[in-house]
$ cat run.pdb   # PDB, C-alpha atoms, pLDDT in the B column
ATOM      1  CA  MET A   1      66.001  73.170  81.639  1.00 53.00           C
ATOM      2  CA  ASN A   2      69.368  71.433  81.336  1.00 58.00           C
ATOM      3  CA  PHE A   3      68.740  69.269  78.305  1.00 57.00           C
ATOM      4  CA  GLY A   4      65.238  69.984  77.001  1.00 54.00           C
ATOM      5  CA  PHE A   5      62.577  67.370  76.353  1.00 56.00           C
ATOM      6  CA  LYS A   6      59.183  67.221  74.807  1.00 55.00           C
ATOM      7  CA  ASN A   7      57.439  64.397  73.042  1.00 59.00           C
ATOM      8  CA  VAL A   8      53.870  64.505  71.828  1.00 60.00           C
ATOM      9  CA  ASN A   9      51.964  63.642  68.675  1.00 61.00           C
ATOM     10  CA  LEU A  10      48.497  65.085  68.302  1.00 60.00           C
ATOM     11  CA  GLY A  11      47.845  63.628  64.863  1.00 60.00           C
ATOM     12  CA  ASN A  12      44.719  61.875  66.079  1.00 60.00           C
ATOM     13  CA  ALA A  13      43.234  65.137  67.386  1.00 64.00           C
ATOM     14  CA  TYR A  14      43.064  66.992  64.089  1.00 67.00           C
ATOM     15  CA  PRO A  15      40.247  66.384  61.657  1.00 70.00           C
ATOM     16  CA  THR A  16      41.073  65.647  58.042  1.00 75.00           C
ATOM     17  CA  PRO A  17      40.198  68.708  55.985  1.00 79.00           C
ATOM     18  CA  LYS A  18      37.501  68.471  53.361  1.00 80.00           C
ATOM     19  CA  LEU A  19      37.350  70.469  50.163  1.00 82.00           C
ATOM     20  CA  SER A  20      34.022  71.897  51.299  1.00 79.00           C
ATOM     21  CA  THR A  21      35.551  73.321  54.510  1.00 78.00           C
ATOM     22  CA  LEU A  22      38.702  74.881  53.051  1.00 78.00           C
ATOM     23  CA  ASN A  23      38.053  78.563  52.497  1.00 76.00           C
ATOM     24  CA  PHE A  24      40.258  81.088  50.736  1.00 78.00           C
ATOM     25  CA  LEU A  25      42.384  78.501  48.917  1.00 83.00           C
ATOM     26  CA  HIS A  26      42.781  77.970  45.227  1.00 88.00           C
ATOM     27  CA  GLU A  27      41.167  74.662  44.245  1.00 90.00           C
ATOM     28  CA  ASP A  28      44.534  73.056  43.422  1.00 94.00           C
ATOM     29  CA  ASP A  29      45.946  74.098  46.816  1.00 92.00           C
ATOM     30  CA  ALA A  30      42.836  72.820  48.587  1.00 91.00           C
ATOM     31  CA  LYS A  31      43.251  69.419  46.919  1.00 94.00           C
ATOM     32  CA  LEU A  32      46.885  69.274  48.043  1.00 94.00           C
ATOM     33  CA  MET A  33      45.844  70.289  51.561  1.00 93.00           C
ATOM     34  CA  VAL A  34      43.344  67.437  51.740  1.00 93.00           C
ATOM     35  CA  LYS A  35      45.923  64.967  50.447  1.00 94.00           C
ATOM     36  CA  TYR A  36      48.974  66.050  52.455  1.00 95.00           C
ATOM     37  CA  GLN A  37      47.826  67.841  55.596  1.00 92.00           C
ATOM     38  CA  ASN A  38      48.311  64.792  57.827  1.00 91.00           C
ATOM     39  CA  ASP A  39      51.840  64.248  56.492  1.00 94.00           C
ATOM     40  CA  SER A  40      52.776  67.910  56.786  1.00 94.00           C
ATOM     41  CA  LEU A  41      51.383  68.155  60.328  1.00 91.00           C
ATOM     42  CA  THR A  42      53.286  65.032  61.356  1.00 91.00           C
ATOM     43  CA  LEU A  43      56.499  66.588  60.110  1.00 94.00           C
ATOM     44  CA  ILE A  44      55.808  70.013  61.613  1.00 93.00           C
ATOM     45  CA  PHE A  45      54.817  68.587  65.000  1.00 89.00           C
ATOM     46  CA  ALA A  46      57.804  66.301  65.182  1.00 90.00           C
ATOM     47  CA  LEU A  47      60.219  69.102  64.372  1.00 94.00           C
ATOM     48  CA  HIS A  48      58.355  71.578  66.604  1.00 92.00           C
ATOM     49  CA  GLU A  49      57.968  69.312  69.638  1.00 87.00           C
ATOM     50  CA  LEU A  50      61.081  67.151  69.544  1.00 87.00           C
ATOM     51  CA  LEU A  51      63.630  69.634  68.277  1.00 89.00           C
ATOM     52  CA  GLY A  52      61.913  72.979  68.757  1.00 89.00           C
ATOM     53  CA  HIS A  53      61.015  72.474  72.415  1.00 86.00           C
ATOM     54  CA  GLY A  54      63.498  69.667  72.983  1.00 81.00           C
ATOM     55  CA  THR A  55      66.607  71.641  72.142  1.00 81.00           C
ATOM     56  CA  GLY A  56      68.081  74.903  73.231  1.00 80.00           C
ATOM     57  CA  LYS A  57      69.575  75.782  76.543  1.00 81.00           C
ATOM     58  CA  LEU A  58      69.267  78.807  78.788  1.00 86.00           C
ATOM     59  CA  LEU A  59      72.683  80.275  79.482  1.00 92.00           C
ATOM     60  CA  ILE A  60      72.861  80.692  83.259  1.00 93.00           C
ATOM     61  CA  LYS A  61      75.287  82.085  85.811  1.00 95.00           C
ATOM     62  CA  ASP A  62      74.942  80.693  89.321  1.00 96.00           C
ATOM     63  CA  ALA A  63      74.091  83.611  91.627  1.00 96.00           C
ATOM     64  CA  ASP A  64      76.017  82.088  94.548  1.00 97.00           C
ATOM     65  CA  THR A  65      79.136  80.636  92.931  1.00 97.00           C
ATOM     66  CA  GLY A  66      79.412  82.648  89.711  1.00 96.00           C
ATOM     67  CA  GLU A  67      79.745  79.361  87.805  1.00 96.00           C
ATOM     68  CA  LEU A  68      78.485  79.395  84.237  1.00 95.00           C
ATOM     69  CA  ASN A  69      76.542  76.467  82.756  1.00 93.00           C
ATOM     70  CA  PHE A  70      78.328  77.070  79.442  1.00 93.00           C
ATOM     71  CA  PRO A  71      81.979  77.445  78.419  1.00 94.00           C
ATOM     72  CA  ALA A  72      83.295  80.899  79.301  1.00 92.00           C
ATOM     73  CA  ASP A  73      84.728  81.292  75.800  1.00 94.00           C
ATOM     74  CA  LEU A  74      81.422  80.451  74.064  1.00 94.00           C
ATOM     75  CA  LYS A  75      80.888  82.718  71.049  1.00 95.00           C
ATOM     76  CA  ASN A  76      77.677  84.275  69.825  1.00 91.00           C
ATOM     77  CA  PRO A  77      77.188  82.658  66.386  1.00 89.00           C
ATOM     78  CA  PHE A  78      75.853  85.912  64.937  1.00 91.00           C
ATOM     79  CA  THR A  79      78.560  88.306  66.158  1.00 95.00           C
ATOM     80  CA  ASN A  80      81.436  85.889  66.886  1.00 96.00           C
ATOM     81  CA  GLU A  81      81.899  87.729  70.186  1.00 95.00           C
ATOM     82  CA  GLU A  82      81.949  86.083  73.599  1.00 93.00           C
ATOM     83  CA  ILE A  83      78.648  85.765  75.452  1.00 93.00           C
ATOM     84  CA  THR A  84      78.166  88.684  77.837  1.00 91.00           C
ATOM     85  CA  THR A  85      74.490  88.333  78.753  1.00 92.00           C
ATOM     86  CA  TYR A  86      72.783  85.386  80.412  1.00 93.00           C
ATOM     87  CA  TYR A  87      70.207  84.514  83.028  1.00 93.00           C
ATOM     88  CA  MET A  88      71.051  84.437  86.693  1.00 95.00           C
ATOM     89  CA  SER A  89      70.180  81.218  88.491  1.00 94.00           C
ATOM     90  CA  THR A  90      67.576  83.166  90.447  1.00 95.00           C
ATOM     91  CA  GLU A  91      65.738  84.158  87.261  1.00 93.00           C
ATOM     92  CA  THR A  92      63.302  82.191  85.151  1.00 86.00           C
ATOM     93  CA  TRP A  93      62.137  82.453  81.558  1.00 83.00           C
ATOM     94  CA  SER A  94      58.614  83.338  82.658  1.00 89.00           C
ATOM     95  CA  GLN A  95      59.854  86.049  85.037  1.00 91.00           C
ATOM     96  CA  LYS A  96      61.765  87.708  82.216  1.00 89.00           C
ATOM     97  CA  PHE A  97      59.052  87.524  79.570  1.00 90.00           C
ATOM     98  CA  GLY A  98      55.885  87.449  81.659  1.00 90.00           C
ATOM     99  CA  LYS A  99      52.630  86.747  79.864  1.00 84.00           C
ATOM    100  CA  LEU A 100      54.407  86.396  76.536  1.00 85.00           C
ATOM    101  CA  SER A 101      56.859  83.708  77.722  1.00 89.00           C
ATOM    102  CA  SER A 102      54.698  80.848  76.473  1.00 88.00           C
ATOM    103  CA  GLY A 103      54.104  82.569  73.137  1.00 86.00           C
ATOM    104  CA  TYR A 104      57.821  83.233  72.706  1.00 88.00           C
ATOM    105  CA  GLU A 105      58.582  79.578  73.368  1.00 89.00           C
ATOM    106  CA  GLU A 106      55.987  78.466  70.805  1.00 90.00           C
ATOM    107  CA  CYS A 107      57.428  80.887  68.235  1.00 90.00           C
ATOM    108  CA  ARG A 108      60.917  79.546  68.940  1.00 90.00           C
ATOM    109  CA  ALA A 109      59.735  75.970  68.400  1.00 93.00           C
ATOM    110  CA  ASP A 110      57.865  76.947  65.224  1.00 93.00           C
ATOM    111  CA  SER A 111      60.928  78.776  63.899  1.00 93.00           C
ATOM    112  CA  ILE A 112      63.040  75.670  64.397  1.00 94.00           C
ATOM    113  CA  ALA A 113      60.434  73.506  62.646  1.00 95.00           C
ATOM    114  CA  ILE A 114      60.217  75.913  59.706  1.00 94.00           C
ATOM    115  CA  THR A 115      63.995  76.046  59.414  1.00 95.00           C
ATOM    116  CA  LEU A 116      64.479  72.281  59.567  1.00 96.00           C
ATOM    117  CA  MET A 117      61.741  71.675  56.989  1.00 96.00           C
ATOM    118  CA  ASN A 118      64.198  73.106  54.461  1.00 96.00           C
ATOM    119  CA  TYR A 119      66.499  70.097  54.810  1.00 97.00           C
ATOM    120  CA  GLU A 120      66.107  66.676  53.252  1.00 97.00           C
ATOM    121  CA  GLU A 121      66.926  64.691  56.422  1.00 97.00           C
ATOM    122  CA  PRO A 122      63.486  65.071  58.072  1.00 97.00           C
ATOM    123  CA  PHE A 123      61.802  64.010  54.827  1.00 98.00           C
ATOM    124  CA  GLU A 124      64.132  61.011  54.550  1.00 97.00           C
ATOM    125  CA  ILE A 125      63.164  59.961  58.075  1.00 96.00           C
ATOM    126  CA  PHE A 126      59.413  60.487  57.811  1.00 95.00           C
ATOM    127  CA  PHE A 127      58.728  59.928  54.118  1.00 97.00           C
ATOM    128  CA  SER A 128      61.377  57.522  52.912  1.00 96.00           C
ATOM    129  CA  GLY A 129      60.511  56.126  49.507  1.00 97.00           C
ATOM    130  CA  ARG A 130      58.172  59.044  48.744  1.00 97.00           C
ATOM    131  CA  LYS A 131      60.693  61.573  47.433  1.00 98.00           C
ATOM    132  CA  ASP A 132      58.389  62.520  44.557  1.00 98.00           C
ATOM    133  CA  GLU A 133      55.900  63.865  47.172  1.00 98.00           C
ATOM    134  CA  TRP A 134      58.370  65.855  49.290  1.00 98.00           C
ATOM    135  CA  ASP A 135      57.800  69.158  47.508  1.00 98.00           C
ATOM    136  CA  ASP A 136      54.032  68.901  47.975  1.00 98.00           C
ATOM    137  CA  ILE A 137      54.398  67.963  51.662  1.00 97.00           C
ATOM    138  CA  PHE A 138      56.813  70.878  52.132  1.00 97.00           C
ATOM    139  CA  TYR A 139      54.424  73.257  50.349  1.00 97.00           C
ATOM    140  CA  ILE A 140      51.458  72.168  52.467  1.00 95.00           C
ATOM    141  CA  GLY A 141      53.629  72.427  55.593  1.00 95.00           C
ATOM    142  CA  TRP A 142      54.208  76.100  54.824  1.00 94.00           C
ATOM    143  CA  MET A 143      50.572  76.591  53.942  1.00 92.00           C
ATOM    144  CA  GLU A 144      49.576  74.980  57.245  1.00 90.00           C
ATOM    145  CA  MET A 145      51.890  77.299  59.183  1.00 90.00           C
ATOM    146  CA  LEU A 146      50.564  80.365  57.372  1.00 89.00           C
ATOM    147  CA  THR A 147      46.892  79.464  57.764  1.00 85.00           C
ATOM    148  CA  SER A 148      47.463  78.651  61.447  1.00 85.00           C
ATOM    149  CA  ALA A 149      49.089  82.057  61.897  1.00 86.00           C
ATOM    150  CA  MET A 150      46.098  83.732  60.297  1.00 86.00           C
ATOM    151  CA  LYS A 151      43.717  81.805  62.563  1.00 84.00           C
ATOM    152  CA  GLY A 152      45.863  82.817  65.528  1.00 86.00           C
ATOM    153  CA  LEU A 153      45.120  86.474  64.851  1.00 89.00           C
ATOM    154  CA  THR A 154      41.564  85.833  66.029  1.00 90.00           C
ATOM    155  CA  PHE A 155      42.920  85.341  69.556  1.00 89.00           C
ATOM    156  CA  TYR A 156      43.911  89.000  69.857  1.00 90.00           C
ATOM    157  CA  ASN A 157      41.570  91.305  71.756  1.00 91.00           C
ATOM    158  CA  PRO A 158      42.132  94.813  70.329  1.00 93.00           C
ATOM    159  CA  GLU A 159      40.001  96.512  73.000  1.00 94.00           C
ATOM    160  CA  GLN A 160      42.121  95.119  75.831  1.00 93.00           C
ATOM    161  CA  LYS A 161      45.281  94.869  73.720  1.00 88.00           C
ATOM    162  CA  VAL A 162      45.975  91.330  74.920  1.00 84.00           C
ATOM    163  CA  TRP A 163      46.407  87.938  73.330  1.00 79.00           C
ATOM    164  CA  GLY A 164      44.062  85.142  74.361  1.00 76.00           C
TER     165      GLY A 164
END
$ encode --input "run.pdb" --output "structure tokens"
Amino acid sequence: MNFGFKNVNLGNAYPTPKLSTLNFLHEDDAKLMVKYQNDSLTLIFALHELLGHGTGKLLIKDADTGELNFPADLKNPFTNEEITTYYMSTETWSQKFGKLSSGYEECRADSIAITLMNYEEPFEIFFSGRKDEWDDIFYIGWMEMLTSAMKGLTFYNPEQKVWG
């Protein structure tokens, strides 16, 4: 809660795709997926887990002392105005967002991964010496995120109007 931390690599838990199992992709895209899915997933998971979940801080005001866990003159980067809303120390993320709190956190981590994939530094760290492949790894990273999102739609129950 104070600093953030998460470290996991599930690369060994995902099967390598085969051309015969990739539906709805153009043949050229399917070939790239087979070749670069492991690399793209490694990059996405690292950015998602280490920086997506591992960064960020809840802004909190202590309910007893009124002390803030952030500088009082902190500015909202979007409005350049001082922060006026925050959590009270008696509140939690899951209390505020209920059943969707986990989903919101996953979306936040994914958004950070997607944003950071647009910079060269992660590619330099993970794929040094392979600069000629960076565009393909980036492309498959986006394709992986989009196909995962489409698969995620199957977890919605329209009769009950809830996400599984």
$ resolve_selection --input "run.pdb" --expression "the PyMOL selection byres ((chain A and resi 127) around 12)" --output "PyMOL selection string"
chain A and resi 36+39-40+42-43+120-126+128-138
$ write_last_selection --input "run.pdb" --atoms "C-alpha atoms" --output "PDB file, in the frame of the given file"
ATOM      1  CA  TYR A  36      48.974  66.050  52.455  1.00 95.00           C
ATOM      2  CA  ASP A  39      51.840  64.248  56.492  1.00 94.00           C
ATOM      3  CA  SER A  40      52.776  67.910  56.786  1.00 94.00           C
ATOM      4  CA  THR A  42      53.286  65.032  61.356  1.00 91.00           C
ATOM      5  CA  LEU A  43      56.499  66.588  60.110  1.00 94.00           C
ATOM      6  CA  GLU A 120      66.107  66.676  53.252  1.00 97.00           C
ATOM      7  CA  GLU A 121      66.926  64.691  56.422  1.00 97.00           C
ATOM      8  CA  PRO A 122      63.486  65.071  58.072  1.00 97.00           C
ATOM      9  CA  PHE A 123      61.802  64.010  54.827  1.00 98.00           C
ATOM     10  CA  GLU A 124      64.132  61.011  54.550  1.00 97.00           C
ATOM     11  CA  ILE A 125      63.164  59.961  58.075  1.00 96.00           C
ATOM     12  CA  PHE A 126      59.413  60.487  57.811  1.00 95.00           C
ATOM     13  CA  SER A 128      61.377  57.522  52.912  1.00 96.00           C
ATOM     14  CA  GLY A 129      60.511  56.126  49.507  1.00 97.00           C
ATOM     15  CA  ARG A 130      58.172  59.044  48.744  1.00 97.00           C
ATOM     16  CA  LYS A 131      60.693  61.573  47.433  1.00 98.00           C
ATOM     17  CA  ASP A 132      58.389  62.520  44.557  1.00 98.00           C
ATOM     18  CA  GLU A 133      55.900  63.865  47.172  1.00 98.00           C
ATOM     19  CA  TRP A 134      58.370  65.855  49.290  1.00 98.00           C
ATOM     20  CA  ASP A 135      57.800  69.158  47.508  1.00 98.00           C
ATOM     21  CA  ASP A 136      54.032  68.901  47.975  1.00 98.00           C
ATOM     22  CA  ILE A 137      54.398  67.963  51.662  1.00 97.00           C
ATOM     23  CA  PHE A 138      56.813  70.878  52.132  1.00 97.00           C
TER      24      PHE A 138
END
$ residues_around --input "run.pdb" --residues "A:Phe70" --least-positions-apart "6" --cutoff "9 Å" --atoms "only C-alpha atoms" --output "ChimeraX atom specification"
/A:59-61
$ closest_residue --input "run.pdb" --among "A:Trp142, A:Arg108, A:Lys35, A:Gln95" --to "A:His48" --atoms "only C-alpha atoms"
A:Arg108
$ atom_distance --input "run.pdb" --atom1 "atom CA of A:Glu105" --atom2 "atom CA of A:Gly54"
11.1 Å
$ residues_around --input "run.pdb" --residues "A:Leu146" --least-positions-apart "5" --cutoff "12 Å" --atoms "all atoms listed in the file" --output "list in words"
Leu25, Asp110, Ile114, Tyr139, Ile140, Gly141, Lys151, Gly152 and Leu153 of chain A
